[in-house]
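With PDB, C-alpha atoms, pLDDT in the B column inside, this is model_23.pdb:
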ATOM      1  CA  MET A 101      43.934 -31.799 -51.776  1.00 87.00           C
ATOM      2  CA  PRO A 102      46.307 -29.163 -50.368  1.00 90.00           C
ATOM      3  CA  PRO A 103      45.417 -25.499 -50.739  1.00 96.00           C
ATOM      4  CA  ARG A 104      47.076 -23.261 -53.333  1.00 97.00           C
ATOM      5  CA  PHE A 105      50.061 -21.705 -51.586  1.00 97.00           C
ATOM      6  CA  ILE A 106      50.224 -17.896 -51.948  1.00 97.00           C
ATOM      7  CA  LEU A 107      53.314 -16.078 -50.697  1.00 98.00           C
ATOM      8  CA  GLY A 108      52.327 -12.556 -49.682  1.00 97.00           C
ATOM      9  CA  SER A 109      55.821 -11.112 -50.031  1.00 94.00           C
ATOM     10  CA  SER A 110      58.008  -9.705 -52.783  1.00 89.00           C
ATOM     11  CA  SER A 111      61.180 -10.606 -50.872  1.00 89.00           C
ATOM     12  CA  PRO A 112      63.571 -12.701 -52.977  1.00 91.00           C
ATOM     13  CA  ARG A 113      65.161 -13.864 -49.699  1.00 92.00           C
ATOM     14  CA  ARG A 114      61.891 -15.422 -48.549  1.00 95.00           C
ATOM     15  CA  LEU A 115      61.558 -17.284 -51.852  1.00 95.00           C
ATOM     16  CA  GLU A 116      65.134 -18.567 -51.489  1.00 95.00           C
ATOM     17  CA  LEU A 117      64.479 -19.669 -47.912  1.00 96.00           C
ATOM     18  CA  LEU A 118      61.323 -21.550 -48.885  1.00 97.00           C
ATOM     19  CA  ALA A 119      63.271 -23.287 -51.671  1.00 96.00           C
ATOM     20  CA  GLN A 120      65.766 -24.526 -49.056  1.00 95.00           C
ATOM     21  CA  ILE A 121      62.999 -26.645 -47.529  1.00 95.00           C
ATOM     22  CA  GLY A 122      61.566 -27.721 -50.879  1.00 95.00           C
ATOM     23  CA  LEU A 123      58.661 -25.279 -50.939  1.00 96.00           C
ATOM     24  CA  SER A 124      57.642 -23.181 -53.900  1.00 94.00           C
ATOM     25  CA  PRO A 125      54.549 -20.996 -53.778  1.00 96.00           C
ATOM     26  CA  ASP A 126      51.915 -21.402 -56.467  1.00 96.00           C
ATOM     27  CA  GLU A 127      51.837 -17.607 -56.703  1.00 96.00           C
ATOM     28  CA  VAL A 128      53.615 -14.575 -55.256  1.00 97.00           C
ATOM     29  CA  ARG A 129      51.117 -11.869 -54.350  1.00 96.00           C
ATOM     30  CA  PRO A 130      52.677  -9.108 -52.221  1.00 94.00           C
ATOM     31  CA  ALA A 131      50.451  -7.179 -49.844  1.00 92.00           C
ATOM     32  CA  ASP A 132      50.567  -3.402 -49.971  1.00 90.00           C
ATOM     33  CA  ILE A 133      49.998  -1.930 -46.520  1.00 95.00           C
ATOM     34  CA  ASP A 134      51.162   1.053 -44.476  1.00 93.00           C
ATOM     35  CA  GLU A 135      54.132  -0.200 -42.443  1.00 91.00           C
ATOM     36  CA  THR A 136      54.409   2.801 -40.113  1.00 92.00           C
ATOM     37  CA  PRO A 137      54.750   1.795 -36.450  1.00 93.00           C
ATOM     38  CA  ALA A 138      52.008   3.102 -34.162  1.00 94.00           C
ATOM     39  CA  ILE A 139      53.034   5.580 -31.469  1.00 93.00           C
ATOM     40  CA  GLY A 140      54.297   3.640 -28.460  1.00 93.00           C
ATOM     41  CA  GLU A 141      53.968   0.275 -30.237  1.00 96.00           C
ATOM     42  CA  SER A 142      56.441  -2.329 -29.012  1.00 96.00           C
ATOM     43  CA  PRO A 143      58.634  -4.087 -31.602  1.00 97.00           C
ATOM     44  CA  ARG A 144      56.934  -7.410 -30.794  1.00 97.00           C
ATOM     45  CA  ASP A 145      53.432  -5.975 -31.294  1.00 97.00           C
ATOM     46  CA  TYR A 146      54.577  -4.159 -34.437  1.00 97.00           C
ATOM     47  CA  VAL A 147      55.852  -7.255 -36.304  1.00 96.00           C
ATOM     48  CA  ALA A 148      52.778  -9.259 -35.279  1.00 98.00           C
ATOM     49  CA  ARG A 149      50.480  -6.508 -36.551  1.00 98.00           C
ATOM     50  CA  MET A 150      52.430  -6.178 -39.818  1.00 97.00           C
ATOM     51  CA  ALA A 151      52.350  -9.916 -40.580  1.00 97.00           C
ATOM     52  CA  ARG A 152      48.632 -10.129 -39.732  1.00 97.00           C
ATOM     53  CA  GLU A 153      47.698  -7.003 -41.731  1.00 97.00           C
ATOM     54  CA  LYS A 154      49.631  -8.257 -44.755  1.00 97.00           C
ATOM     55  CA  ALA A 155      47.785 -11.593 -44.605  1.00 97.00           C
ATOM     56  CA  GLU A 156      44.399  -9.938 -44.191  1.00 96.00           C
ATOM     57  CA  ALA A 157      45.038  -7.427 -47.015  1.00 96.00           C
ATOM     58  CA  LEU A 158      45.295 -10.177 -49.622  1.00 96.00           C
ATOM     59  CA  SER A 159      42.298 -11.268 -51.650  1.00 95.00           C
ATOM     60  CA  LEU A 160      42.094 -15.045 -51.456  1.00 96.00           C
ATOM     61  CA  ALA A 161      39.946 -17.379 -53.510  1.00 95.00           C
ATOM     62  CA  GLU A 162      38.412 -20.542 -52.098  1.00 95.00           C
ATOM     63  CA  GLY A 163      41.161 -23.100 -51.522  1.00 96.00           C
ATOM     64  CA  GLU A 164      44.021 -20.593 -51.252  1.00 97.00           C
ATOM     65  CA  ALA A 165      46.322 -20.125 -48.245  1.00 98.00           C
ATOM     66  CA  ALA A 166      48.453 -17.015 -47.786  1.00 98.00           C
ATOM     67  CA  LEU A 167      51.743 -16.874 -45.920  1.00 98.00           C
ATOM     68  CA  THR A 168      53.066 -13.443 -44.938  1.00 98.00           C
ATOM     69  CA  ALA A 169      55.895 -12.320 -42.695  1.00 97.00           C
ATOM     70  CA  ASP A 170      57.514  -9.269 -41.211  1.00 96.00           C
ATOM     71  CA  THR A 171      60.981  -8.852 -39.733  1.00 95.00           C
ATOM     72  CA  THR A 172      62.281  -5.970 -37.690  1.00 95.00           C
ATOM     73  CA  VAL A 173      65.363  -5.158 -35.684  1.00 97.00           C
ATOM     74  CA  ALA A 174      64.928  -3.784 -32.172  1.00 97.00           C
ATOM     75  CA  VAL A 175      67.310  -2.114 -29.765  1.00 97.00           C
ATOM     76  CA  GLY A 176      65.382  -1.916 -26.522  1.00 93.00           C
ATOM     77  CA  ARG A 177      61.919  -0.645 -27.494  1.00 93.00           C
ATOM     78  CA  ARG A 178      63.268   1.159 -30.555  1.00 95.00           C
ATOM     79  CA  ILE A 179      62.238  -0.293 -33.916  1.00 96.00           C
ATOM     80  CA  LEU A 180      64.942  -0.096 -36.578  1.00 96.00           C
ATOM     81  CA  GLY A 181      63.116  -0.479 -39.862  1.00 91.00           C
ATOM     82  CA  LYS A 182      64.527  -0.005 -43.333  1.00 92.00           C
ATOM     83  CA  PRO A 183      66.735   3.093 -43.262  1.00 96.00           C
ATOM     84  CA  ALA A 184      65.552   6.040 -45.338  1.00 95.00           C
ATOM     85  CA  ASP A 185      69.083   6.989 -46.362  1.00 97.00           C
ATOM     86  CA  ARG A 186      72.804   6.481 -45.725  1.00 97.00           C
ATOM     87  CA  ASP A 187      72.792   8.740 -42.639  1.00 98.00           C
ATOM     88  CA  GLU A 188      70.031   6.750 -40.983  1.00 98.00           C
ATOM     89  CA  ALA A 189      71.807   3.481 -41.874  1.00 98.00           C
ATOM     90  CA  ALA A 190      74.966   4.823 -40.223  1.00 98.00           C
ATOM     91  CA  ALA A 191      72.993   5.802 -37.108  1.00 98.00           C
ATOM     92  CA  PHE A 192      71.461   2.308 -36.891  1.00 98.00           C
ATOM     93  CA  MET A 193      74.861   0.610 -37.247  1.00 98.00           C
ATOM     94  CA  ARG A 194      76.425   2.891 -34.611  1.00 98.00           C
ATOM     95  CA  LEU A 195      73.536   2.098 -32.242  1.00 97.00           C
ATOM     96  CA  MET A 196      74.081  -1.671 -32.636  1.00 98.00           C
ATOM     97  CA  SER A 197      77.898  -1.507 -32.614  1.00 97.00           C
ATOM     98  CA  GLY A 198      79.380  -3.461 -29.711  1.00 97.00           C
ATOM     99  CA  ARG A 199      76.066  -4.607 -28.288  1.00 96.00           C
ATOM    100  CA  ARG A 200      73.223  -7.074 -28.615  1.00 97.00           C
ATOM    101  CA  HIS A 201      69.938  -6.435 -30.355  1.00 98.00           C
ATOM    102  CA  ARG A 202      66.832  -8.466 -31.125  1.00 98.00           C
ATOM    103  CA  VAL A 203      65.556  -9.518 -34.510  1.00 98.00           C
ATOM    104  CA  LEU A 204      61.848 -10.258 -34.417  1.00 97.00           C
ATOM    105  CA  THR A 205      60.052 -12.105 -37.184  1.00 97.00           C
ATOM    106  CA  ALA A 206      56.327 -12.786 -37.236  1.00 98.00           C
ATOM    107  CA  ILE A 207      54.711 -15.138 -39.729  1.00 98.00           C
ATOM    108  CA  ALA A 208      51.004 -15.225 -40.470  1.00 98.00           C
ATOM    109  CA  LEU A 209      49.163 -18.009 -42.272  1.00 98.00           C
ATOM    110  CA  ARG A 210      45.644 -17.201 -43.474  1.00 98.00           C
ATOM    111  CA  TYR A 211      43.489 -20.109 -44.557  1.00 97.00           C
ATOM    112  CA  GLY A 212      39.874 -21.208 -44.198  1.00 92.00           C
ATOM    113  CA  GLY A 213      38.699 -18.038 -42.469  1.00 92.00           C
ATOM    114  CA  HIS A 214      41.444 -18.118 -39.811  1.00 95.00           C
ATOM    115  CA  THR A 215      44.791 -16.368 -39.473  1.00 97.00           C
ATOM    116  CA  ARG A 216      47.427 -18.129 -37.387  1.00 97.00           C
ATOM    117  CA  LEU A 217      50.440 -16.196 -36.128  1.00 98.00           C
ATOM    118  CA  ARG A 218      53.867 -17.272 -34.851  1.00 98.00           C
ATOM    119  CA  GLN A 219      56.716 -15.097 -33.640  1.00 97.00           C
ATOM    120  CA  VAL A 220      60.402 -15.857 -33.401  1.00 98.00           C
ATOM    121  CA  GLN A 221      62.958 -13.759 -31.545  1.00 98.00           C
ATOM    122  CA  THR A 222      66.693 -14.058 -32.182  1.00 98.00           C
ATOM    123  CA  LEU A 223      69.401 -12.282 -30.230  1.00 98.00           C
ATOM    124  CA  VAL A 224      72.265 -10.948 -32.343  1.00 98.00           C
ATOM    125  CA  ARG A 225      75.550  -9.529 -31.106  1.00 98.00           C
ATOM    126  CA  MET A 226      77.394  -7.041 -33.265  1.00 97.00           C
ATOM    127  CA  ARG A 227      81.062  -6.429 -32.584  1.00 97.00           C
ATOM    128  CA  PRO A 228      82.339  -2.859 -32.252  1.00 98.00           C
ATOM    129  CA  ILE A 229      82.455  -1.152 -35.646  1.00 97.00           C
ATOM    130  CA  ASP A 230      84.926   1.687 -36.088  1.00 97.00           C
ATOM    131  CA  GLU A 231      84.268   4.603 -38.441  1.00 97.00           C
ATOM    132  CA  ALA A 232      86.548   3.272 -41.206  1.00 97.00           C
ATOM    133  CA  MET A 233      84.747  -0.097 -41.220  1.00 96.00           C
ATOM    134  CA  LEU A 234      81.389   1.666 -41.137  1.00 97.00           C
ATOM    135  CA  LYS A 235      82.303   3.840 -44.128  1.00 97.00           C
ATOM    136  CA  ARG A 236      83.390   0.785 -46.166  1.00 96.00           C
ATOM    137  CA  TYR A 237      80.171  -1.000 -45.224  1.00 97.00           C
ATOM    138  CA  LEU A 238      77.984   1.959 -46.179  1.00 97.00           C
ATOM    139  CA  ASP A 239      79.890   2.412 -49.461  1.00 97.00           C
ATOM    140  CA  PHE A 240      79.206  -1.248 -50.271  1.00 94.00           C
ATOM    141  CA  GLY A 241      75.469  -0.459 -50.155  1.00 93.00           C
ATOM    142  CA  ASP A 242      74.237  -3.714 -48.610  1.00 92.00           C
ATOM    143  CA  TRP A 243      72.234  -1.716 -46.032  1.00 95.00           C
ATOM    144  CA  GLN A 244      69.656  -0.515 -48.548  1.00 94.00           C
ATOM    145  CA  GLY A 245      66.166  -1.950 -48.114  1.00 91.00           C
ATOM    146  CA  LYS A 246      67.132  -3.992 -45.054  1.00 92.00           C
ATOM    147  CA  ALA A 247      65.547  -3.762 -41.611  1.00 91.00           C
ATOM    148  CA  GLY A 248      68.171  -2.490 -39.192  1.00 95.00           C
ATOM    149  CA  ALA A 249      70.409  -1.540 -42.166  1.00 97.00           C
ATOM    150  CA  TYR A 250      71.937  -5.000 -42.541  1.00 96.00           C
ATOM    151  CA  ALA A 251      71.473  -8.501 -43.878  1.00 94.00           C
ATOM    152  CA  ILE A 252      73.068 -11.209 -41.748  1.00 95.00           C
ATOM    153  CA  GLN A 253      73.836 -13.209 -44.891  1.00 94.00           C
ATOM    154  CA  GLY A 254      75.473 -10.206 -46.551  1.00 92.00           C
ATOM    155  CA  ALA A 255      78.402  -7.880 -45.928  1.00 93.00           C
ATOM    156  CA  ALA A 256      77.426  -7.346 -42.275  1.00 95.00           C
ATOM    157  CA  ALA A 257      78.161 -11.010 -41.515  1.00 95.00           C
ATOM    158  CA  GLY A 258      81.704  -9.920 -40.680  1.00 94.00           C
ATOM    159  CA  PHE A 259      80.336  -7.828 -37.797  1.00 97.00           C
ATOM    160  CA  ILE A 260      78.339 -10.626 -36.136  1.00 97.00           C
ATOM    161  CA  PRO A 261      80.281 -13.042 -33.898  1.00 97.00           C
ATOM    162  CA  TRP A 262      77.221 -14.885 -32.559  1.00 96.00           C
ATOM    163  CA  ILE A 263      73.468 -15.244 -32.590  1.00 97.00           C
ATOM    164  CA  GLN A 264      71.111 -17.015 -30.241  1.00 98.00           C
ATOM    165  CA  GLY A 265      68.062 -18.288 -32.078  1.00 97.00           C
ATOM    166  CA  SER A 266      67.065 -18.798 -35.690  1.00 97.00           C
ATOM    167  CA  PHE A 267      69.450 -17.719 -38.457  1.00 97.00           C
ATOM    168  CA  SER A 268      66.720 -18.082 -41.099  1.00 97.00           C
ATOM    169  CA  ALA A 269      64.406 -15.830 -39.050  1.00 96.00           C
ATOM    170  CA  VAL A 270      67.048 -13.090 -39.146  1.00 96.00           C
ATOM    171  CA  VAL A 271      67.238 -13.511 -42.930  1.00 95.00           C
ATOM    172  CA  GLY A 272      63.453 -13.088 -43.007  1.00 93.00           C
ATOM    173  CA  LEU A 273      61.577 -16.368 -42.482  1.00 96.00           C
ATOM    174  CA  PRO A 274      61.929 -18.888 -39.618  1.00 97.00           C
ATOM    175  CA  LEU A 275      61.982 -22.124 -41.585  1.00 97.00           C
ATOM    176  CA  SER A 276      61.152 -24.634 -38.857  1.00 96.00           C
ATOM    177  CA  GLU A 277      58.080 -22.710 -37.719  1.00 97.00           C
ATOM    178  CA  THR A 278      57.023 -21.974 -41.307  1.00 97.00           C
ATOM    179  CA  ALA A 279      57.315 -25.625 -42.346  1.00 96.00           C
ATOM    180  CA  ALA A 280      55.251 -26.722 -39.322  1.00 96.00           C
ATOM    181  CA  MET A 281      52.504 -24.161 -39.971  1.00 97.00           C
ATOM    182  CA  LEU A 282      52.258 -25.114 -43.652  1.00 97.00           C
ATOM    183  CA  ALA A 283      52.346 -28.866 -42.893  1.00 96.00           C
ATOM    184  CA  ALA A 284      49.360 -28.370 -40.578  1.00 96.00           C
ATOM    185  CA  ILE A 285      47.294 -27.420 -43.655  1.00 96.00           C
ATOM    186  CA  ASP A 286      48.835 -30.146 -45.848  1.00 95.00           C
ATOM    187  CA  ILE A 287      51.434 -28.025 -47.674  1.00 96.00           C
ATOM    188  CA  HIS A 288      54.702 -29.924 -47.657  1.00 94.00           C
ATOM    189  CA  GLY A 289      58.106 -29.384 -49.201  1.00 84.00           C
ATOM    190  CA  ASP A 290      59.443 -31.776 -51.826  1.00 80.00           C
ATOM    191  CA  ALA A 291      61.657 -34.481 -50.358  1.00 54.00           C
ATOM    192  CA  ARG A 292      65.252 -33.898 -51.311  1.00 46.00           C
TER     193      ARG A 292
END
How would this structure read if it were set down as structure tokens?
Amino acid sequence: MPPRFILGSSSPRRLELLAQIGLSPDEVRPADIDETPAIGESPRDYVARMAREKAEALSLAEGEAALTADTTVAVGRRILGKPADRDEAAAFMRLMSGRRHRVLTAIALRYGGHTRLRQVQTLVRMRPIDEAMLKRYLDFGDWQGKAGAYAIQGAAAGFIPWIQGSFSAVVGLPLSETAAMLAAIDIHGDAR
């Protein structure tokens, strides 16, 4: 019998992504942890630590498996988390304008006394954004609550001419890797 599938995230995007591959958690149980990066922590180490800490913060009953994830945007070694306000969102967008950045997503699956971790890196290029475009984007408000001040599936899509890697990982959950990890513990999506 497959374990009860617990999604340790309150992200509606992650629920939508899971639904795309026929998966629906038995329960949504978000983890509440401190998401402050450690001094000198690399973006790669940061997302891995966040996904693992979220998984380990959840109380699980016998026969439950928890899936957690964390996504961050990185320019060099700089972590661009969720902007605190419009000014920080503008600074993030100016930093990424006309250049490439990395989107890192780590997924953790905790089950049977073990926590397995996978990471996915996607390169994203953002075209140059002039001040008028930036103002319209900020006025639209799609930057709020988003790592790096944008959602690739939202208004910022018009700024992104190409990516190299996983689109779903940039949205917040790499579906191929997630499906494989869950299948390994007998959690499968409904055939469509």
Next on the checklist: Here is a test: counting only C-alpha atoms, which residue of A:Ala190, A:Leu123, A:Ile179, A:Met150 is nearest to A:Glu135?
Outcome noted: A:Met150
Counting only C-alpha atoms, give me one row per residue of stretch 148-181 of chain A with an atom at most 8 Å from an atom of stretch 127-131 of chain A, showing the shortest contact pair and its distance in Å to one decimal, sorted by chain then residue number, as CSV.
residue,atom,partner,partner_atom,distance
A:Lys154,CA,A:Ala131,CA,5.3
A:Ala155,CA,A:Ala131,CA,7.4
A:Ala157,CA,A:Ala131,CA,6.1
A:Leu158,CA,A:Ala131,CA,6.0
Next on the checklist: I'd like to know which of A:Gly108, A:Gly140, A:Gly289, A:Gly122 is closest to A:Glu153, using only C-alpha atoms.
Outcome noted: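 Closest candidate: A:Gly108.
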Next on the checklist: When the PyMOL selection byres ((chain A and resi 164) around 9) is applied to the structure above, which residues does it catch, written out as a PyMOL selection string?
Outcome noted: chain A and resi 102-106+160-163+165-166+210-212
Next on the checklist: I'd like the contact shell of A:Ile139 - 12 Å cut-off, all atoms listed in the file, skipping same-chain residues fewer than 4 positions apart - returned as a VMD selection string.
Outcome noted: chain A and resid 143 145 to 146 177 to 179
Checklist entry - Got a sec: who's within 10 Å of stretch 265-275 of chain A, counting all atoms listed in the file, leaving out chain neighbours fewer than 4 positions off, as a PyMOL selection string? => result chain A and resi 111-118+120-121+168-173+202-207+218-224+246-247+250-254+279-281
Item to check | Atomic distance atom CA of A:Asp290 - atom CA of A:Ala208, expressed in Å with one decimal | outcome: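 Those two atoms sit 21.8 Å apart.
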Next on the checklist: Which residues would end up in the selection if the PyMOL selection byres ((chain A and resi 227) around 7) were applied here, given that I need the answer as JSON, numbers by chain?
Outcome noted: {"A": [197, 198, 199, 225, 226, 228, 229, 259, 260, 261]}
Checklist entry - So, counting all atoms listed in the file, which residue among A:Leu238, A:Arg144, A:Asp134, A:Ala249 is closest to A:Phe192? => result A:Ala249
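Residue nearest A:Thr136 within the list A:Gly241, A:Gly248, A:Gly181, A:Gly176: A:Gly181 [criterion: smallest interatomic distance, all atoms listed in the file].
Nearest-residue note for A:Ser159: choosing from A:Asp230, A:Asp242, A:Asp126, A:Asp132, the minimum distance belongs to A:Asp132, counting all atoms listed in the file.
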Item to check | Gap from atom CA of A:Ala256 to atom CA of A:Trp243 - Å, one decimal | outcome: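 Between these atoms lies a distance of 8.5 Å.
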Checklist outcome for this item: If you count only C-alpha atoms, the residue of A:Met233, A:Ala283, A:Leu217, A:Val175 closest to A:Leu195 turns out to be A:Val175
